[in-house]
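A.B. asks: For reference, this is target-v2.txt, and it has compact mmCIF, C-alpha atoms.
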```txt
# COMPACT_ATOMS: atom_id res chain seq x y z
CA MET A 1 1.78 0.25 8.99
CA SER A 2 -0.44 1.03 6.05
CA VAL A 3 -1.29 3.76 3.58
CA SER A 4 -4.93 4.50 2.83
CA CYS A 5 -6.97 6.59 0.42
CA ALA A 6 -10.31 5.46 1.90
CA ARG A 7 -10.56 6.53 5.49
CA ASP A 8 -13.90 4.78 6.05
CA VAL A 9 -12.48 1.44 4.91
CA THR A 10 -9.46 1.92 7.18
CA GLU A 11 -11.69 2.79 10.12
CA HIS A 12 -13.54 -0.48 9.61
CA ALA A 13 -10.37 -2.56 9.22
CA LYS A 14 -8.68 -0.91 12.24
CA PRO A 15 -4.99 -1.45 11.41
CA PRO A 16 -2.61 -0.38 14.17
CA ARG A 17 -1.01 2.45 12.14
CA ALA A 18 -2.14 4.15 8.94
CA VAL A 19 -1.45 7.27 6.92
CA PHE A 20 -4.46 8.65 5.10
CA VAL A 21 -3.75 10.36 1.78
CA PRO A 22 -6.70 12.06 0.05
CA PHE A 23 -5.55 10.79 -3.31
CA ARG A 24 -7.06 9.05 -6.29
CA MET A 25 -6.96 5.26 -6.33
CA GLY A 26 -3.89 4.00 -8.12
CA HIS A 27 -1.90 6.94 -6.75
CA LEU A 28 -1.42 6.09 -3.08
CA PHE A 29 2.16 7.31 -3.23
CA GLY A 30 1.48 10.46 -5.20
CA THR A 31 1.99 11.48 -8.80
CA PRO A 32 4.40 10.20 -11.46
CA PHE A 33 8.05 11.27 -11.04
CA HIS A 34 7.24 13.26 -7.88
CA VAL A 35 10.08 11.60 -5.98
CA GLU A 36 9.90 13.93 -2.98
CA LEU A 37 6.21 13.24 -2.39
CA GLN A 38 6.62 9.49 -2.83
CA ARG A 39 9.44 9.51 -0.28
CA ARG A 40 7.49 11.73 2.08
CA ILE A 41 4.50 9.40 2.20
CA ILE A 42 6.74 6.43 2.96
CA LEU A 43 8.63 8.31 5.66
CA VAL A 44 5.47 9.64 7.30
CA ALA A 45 4.11 6.09 7.43
CA LEU A 46 7.35 4.80 8.91
CA GLY A 47 7.37 7.65 11.41
CA LEU A 48 4.24 6.21 12.96
CA ILE A 49 6.39 3.44 14.32
CA GLU A 50 7.62 5.86 16.96
CA THR A 51 4.78 8.36 17.23
CA ALA A 52 1.71 6.12 17.33
CA GLU A 53 0.51 5.79 20.90
CA ASP A 54 -2.58 3.66 20.51
CA SER A 55 -4.31 1.56 17.90
CA PRO A 56 -5.76 2.49 15.47
CA ALA A 57 -3.58 5.51 14.76
CA ILE A 58 -4.66 7.25 11.55
CA LEU A 59 -2.55 10.21 10.51
CA ASP A 60 -3.59 12.69 7.81
CA LEU A 61 -0.97 13.65 5.27
CA ASP A 62 -0.86 17.42 5.01
CA ILE A 63 -1.48 17.79 1.27
CA THR A 64 -4.49 17.72 -1.02
CA TRP A 65 -4.85 15.77 -4.25
CA ALA A 66 -5.16 19.06 -6.14
CA GLN A 67 -1.82 20.21 -4.74
CA ALA A 68 -0.17 16.86 -5.51
CA ARG A 69 -1.45 17.05 -9.09
CA ARG A 70 -0.24 20.62 -9.55
CA GLU A 71 3.21 19.74 -8.27
CA GLY A 72 3.25 16.60 -10.40
CA LYS A 73 2.34 18.50 -13.55
CA GLU A 74 5.08 21.03 -12.90
CA ILE A 75 7.61 18.26 -12.38
CA GLU A 76 6.61 16.64 -15.67
CA ARG A 77 6.75 19.98 -17.45
CA LEU A 78 10.30 20.49 -16.25
CA ARG A 79 11.23 16.97 -17.30
CA GLY A 80 10.24 17.92 -20.81
CA MET B 1 -5.63 19.08 8.84
CA ARG B 2 -8.26 16.46 8.01
CA ASN B 3 -8.76 15.82 4.32
CA GLU B 4 -11.75 13.98 2.90
CA GLN B 5 -11.42 10.91 0.73
CA LEU B 6 -12.14 11.42 -2.95
CA ARG B 7 -14.77 8.64 -2.96
CA PRO B 8 -16.94 9.27 0.11
CA GLY B 9 -18.90 6.42 1.61
CA LEU B 10 -16.91 3.77 -0.23
CA TRP B 11 -17.19 1.11 2.45
CA GLN B 12 -20.96 1.45 2.73
CA VAL B 13 -21.59 1.58 -1.00
CA VAL B 14 -19.67 -1.62 -1.66
CA ASN B 15 -21.04 -3.45 1.36
CA ASP B 16 -24.63 -2.48 0.47
CA ARG B 17 -24.15 -3.76 -3.06
CA TYR B 18 -22.28 -6.90 -1.99
CA PRO B 19 -23.32 -7.62 1.62
CA GLY B 20 -20.55 -9.11 3.74
CA SER B 21 -17.83 -8.40 1.19
CA MET B 22 -16.13 -5.63 3.14
CA ILE B 23 -13.88 -6.32 6.08
CA THR B 24 -14.92 -4.88 9.40
CA LYS B 25 -13.31 -5.47 12.76
CA SER B 26 -14.86 -4.96 16.16
CA ASP B 27 -11.48 -4.55 17.84
CA ALA B 28 -8.41 -2.69 16.67
CA VAL B 29 -5.29 -4.67 15.82
CA PRO B 30 -3.00 -4.22 18.84
CA LEU B 31 -0.11 -1.85 18.45
CA ALA B 32 3.18 -3.74 18.55
CA ARG B 33 5.98 -1.69 20.07
CA PHE B 34 9.13 -1.45 18.00
CA GLU B 35 12.45 -0.93 19.74
CA LYS B 36 14.90 -1.27 16.86
CA PRO B 37 16.09 1.84 14.97
CA LEU B 38 14.63 2.12 11.49
CA SER B 39 18.17 2.17 10.15
CA GLU B 40 18.59 -1.40 11.41
CA ALA B 41 15.15 -2.68 10.48
CA ARG B 42 14.23 -5.00 7.64
CA LEU B 43 11.14 -3.88 5.78
CA THR B 44 8.72 -5.71 3.53
CA PHE B 45 6.05 -4.22 1.30
CA VAL B 46 2.60 -5.76 0.85
CA SER B 47 0.32 -4.39 -1.86
CA THR B 48 -3.08 -5.04 -3.41
CA SER B 49 -1.96 -3.45 -6.66
CA GLY B 50 -1.62 -6.67 -8.63
CA VAL B 51 1.98 -5.81 -9.51
CA GLN B 52 3.94 -8.94 -10.35
CA PRO B 53 7.13 -10.00 -12.12
CA LYS B 54 6.81 -10.18 -15.89
CA GLY B 55 6.16 -13.70 -17.05
CA THR B 56 4.46 -14.92 -13.87
CA LEU B 57 0.89 -16.19 -13.93
CA PRO B 58 -1.46 -13.20 -14.29
CA PHE B 59 -4.00 -12.64 -11.56
CA ASP B 60 -7.49 -13.73 -12.52
CA VAL B 61 -9.04 -10.28 -12.67
CA ALA B 62 -12.26 -11.58 -14.28
CA HIS B 63 -13.30 -14.05 -11.58
CA PRO B 64 -16.52 -12.87 -9.92
CA ILE B 65 -15.38 -13.84 -6.41
CA GLY B 66 -11.75 -12.76 -6.79
CA ASP B 67 -8.28 -14.29 -6.95
CA TYR B 68 -7.02 -15.66 -3.63
CA THR B 69 -3.38 -16.03 -4.59
CA PHE B 70 -0.38 -13.78 -4.18
CA ARG B 71 2.92 -13.24 -5.97
CA ARG B 72 6.40 -12.75 -4.64
CA VAL B 73 8.10 -9.68 -6.10
CA PRO B 74 11.89 -9.71 -5.66
CA SER B 75 12.70 -6.55 -3.75
CA GLY B 76 15.68 -5.85 -6.00
CA SER B 77 13.46 -5.61 -9.07
CA SER B 78 13.32 -2.52 -11.23
CA PRO B 79 9.92 -1.26 -12.44
CA GLU B 80 10.82 -2.52 -15.92
CA ASP B 81 10.87 -6.08 -14.55
CA LEU B 82 7.27 -5.80 -13.34
CA GLU B 83 3.77 -5.56 -14.78
CA ILE B 84 0.28 -4.94 -13.44
CA HIS B 85 -2.73 -7.20 -13.66
CA GLN B 86 -5.63 -5.34 -12.15
CA LEU B 87 -8.88 -3.89 -13.40
CA LYS B 88 -10.27 -2.19 -10.32
CA TYR B 89 -8.20 0.96 -10.19
CA PRO B 90 -6.87 3.47 -12.72
CA THR B 91 -3.36 2.47 -13.78
CA ASP B 92 -2.53 5.50 -15.92
CA GLY B 93 -0.14 6.90 -13.33
CA ALA B 94 1.48 3.54 -12.58
CA MET B 95 2.05 2.84 -16.27
CA ARG B 96 4.22 5.95 -16.39
CA ASP B 97 5.83 5.61 -12.98
CA LEU B 98 5.18 2.38 -11.11
CA ASN B 99 6.29 4.01 -7.88
CA VAL B 100 2.98 5.86 -7.54
CA VAL B 101 1.38 2.55 -6.52
CA TYR B 102 4.40 0.32 -5.89
CA PRO B 103 7.27 2.48 -4.58
CA ILE B 104 9.95 -0.15 -5.05
CA THR B 105 12.56 2.31 -6.31
CA ARG B 106 11.94 4.68 -3.41
CA LEU B 107 12.33 1.86 -0.88
CA GLN B 108 15.56 0.72 -2.50
CA GLU B 109 16.85 4.29 -2.32
CA LEU B 110 15.93 4.59 1.35
CA VAL B 111 17.96 1.48 2.06
CA ALA B 112 20.89 2.68 -0.03
CA GLU B 113 21.05 5.92 1.93
CA GLY B 114 20.81 4.12 5.26
CA THR B 115 17.37 5.34 6.34
CA ILE B 116 16.00 1.80 6.32
CA GLY B 117 18.24 -1.09 7.34
CA GLY B 118 17.22 -3.44 4.59
CA LEU B 119 14.46 -5.10 2.62
CA THR B 120 13.17 -8.65 2.69
CA ASP B 121 14.22 -10.67 -0.34
CA ASN B 122 10.66 -10.49 -1.60
CA PHE B 123 7.73 -8.13 -1.49
CA TYR B 124 4.18 -9.42 -1.73
CA SER B 125 1.38 -8.57 -4.12
CA PHE B 126 -2.21 -9.64 -4.64
CA ILE B 127 -5.34 -8.07 -6.07
CA GLY B 128 -7.74 -6.17 -3.89
CA TYR B 129 -10.86 -7.54 -5.54
CA ASN B 130 -11.83 -10.42 -3.30
CA MET B 131 -15.43 -10.71 -2.18
CA ASP B 132 -15.04 -13.25 0.62
CA PRO B 133 -13.21 -11.71 3.60
CA GLY B 134 -13.19 -15.03 5.48
CA LEU B 135 -11.61 -16.89 2.59
CA PHE B 136 -9.17 -14.03 2.10
CA GLU B 137 -8.03 -14.15 5.71
CA ALA B 138 -7.69 -17.92 5.65
CA THR B 139 -5.62 -17.93 2.45
CA VAL B 140 -3.86 -14.81 1.22
CA ALA B 141 -3.54 -13.06 4.57
CA GLU B 142 -2.31 -16.12 6.47
CA ASP B 143 0.07 -17.16 3.69
CA ILE B 144 1.61 -13.71 3.34
CA ALA B 145 1.93 -13.34 7.10
CA ALA B 146 3.79 -16.64 7.29
CA ALA B 147 6.04 -15.71 4.37
CA VAL B 148 6.84 -12.29 5.80
CA GLU B 149 7.74 -13.82 9.14
CA GLU B 150 9.91 -16.44 7.47
CA GLU B 151 11.81 -13.70 5.64
CA GLY B 152 12.56 -11.98 8.92
CA ALA B 153 10.70 -8.73 8.34
CA ASP B 154 10.71 -6.25 11.21
CA ILE B 155 8.27 -3.88 9.54
CA ALA B 156 5.52 -4.38 6.99
CA LEU B 157 4.43 -1.41 4.90
CA ALA B 158 1.02 -2.27 3.46
CA SER B 159 -0.83 -0.39 0.78
CA PRO B 160 -3.95 -0.74 -1.27
CA ALA B 161 -3.86 0.41 -4.84
```
Represent the structure contained in this file as structure tokens.
C.D. replies:
Amino acid sequence: MSVSCARDVTEHAKPPRAVFVPFRMGHLFGTPFHVELQRRIILVALGLIETAEDSPAILDLDITWAQARREGKEIERLRG
Amino acid sequence: MRNEQLRPGLWQVVNDRYPGSMITKSDAVPLARFEKPLSEARLTFVSTSGVQPKGTLPFDVAHPIGDYTFRRVPSGSSPEDLEIHQLKYPTDGAMRDLNVVYPITRLQELVAEGTIGGLTDNFYSFIGYNMDPGLFEATVAEDIAAAVEEEGADIALASPA
């Protein structure tokens, strides 16, 4: 399965399973030190192993880049 | 919830500027059914991020047609063992936490806690800037596919940068 930040490219390539994240390039797995989000993206992608019924299966991750950035900034603030 | 990509129309913009450079498939890759529990599966990670072990030959990020080689990244590596050679994406986040583009620590943790059965000995990395899809498929894609199969991967997690 794959992770994607460019839905149109993924729709052209037609992989069997993909998770679309509306994130900035270079940040496919989220923001620095945001361990929970990084794990979540991996686990959502792996979940498609069982839930995908037909190819191509493109699943939207339920978070925006703005939200990921806000959470990431808070995490870094707490890290000091 | 359907989110929009941050760079709309990316495929068309690149393909208009460099005709034939973008991959397009007429048929979807068939869905392979997977019967083994994830907790027993061996996973590999394939990335276009240009992440590679320190001291290995840097990718040729200046070549106008691209670099059609790949690097093996030992799956037991720590981020401090690795470096990035790529020009085509912002690396500010990865320079602080490599896991934002190459989640090697997260995958190791998922194995340690039993969620994933194991990792292949190596992960695979190349650069996404390659302007000849046919050459790419005949070289990098075929070579990585063969290597992944030889390492006994059950699952491949693939990611662009």
A.B. asks: Using all atoms listed in the file, I'd like every residue of chain B that has an atom within 9 Å of chain A; please write them out as a ChimeraX atom specification.
C.D. replies: /B:1-12,22-35,38,49,89-94,96-103,106-107,110,155-161
A.B. asks: Find the distance between atom CA of Leu43 of chain B and atom CA of Ala68 of chain A and write it in Å to one decimal.
C.D. replies: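 One can read the atom CA of Leu43 of chain B to atom CA of Ala68 of chain A distance as 26.2 Å.
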A.B. asks: Within 6 Å of segment 123-130 of chain B, counting all atoms listed in the file, which residues qualify if same-chain residues fewer than 2 places away don't, as a PyMOL selection string?
C.D. replies: chain B and resi 44-50+65-66+70-73+75+132
A.B. asks: If I take atom CA of Asp81 of chain B and atom CA of Ala145 of chain B, how far is one from the other in Å, to one decimal?
C.D. replies: 24.5 Å
A.B. asks: Could you state the separation of atom CA of Gly152 of chain B and atom CA of Gln108 of chain B in Å, given to one decimal place?
C.D. replies: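 Separation between atom CA of Gly152 of chain B and atom CA of Gln108 of chain B: 17.3 Å.
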A.B. asks: Would you mind telling me which residue in B:Thr69, B:Thr105, B:Asn15, B:Thr56 lies nearest to Val140 of chain B when using all atoms listed in the file?
C.D. replies: B:Thr69
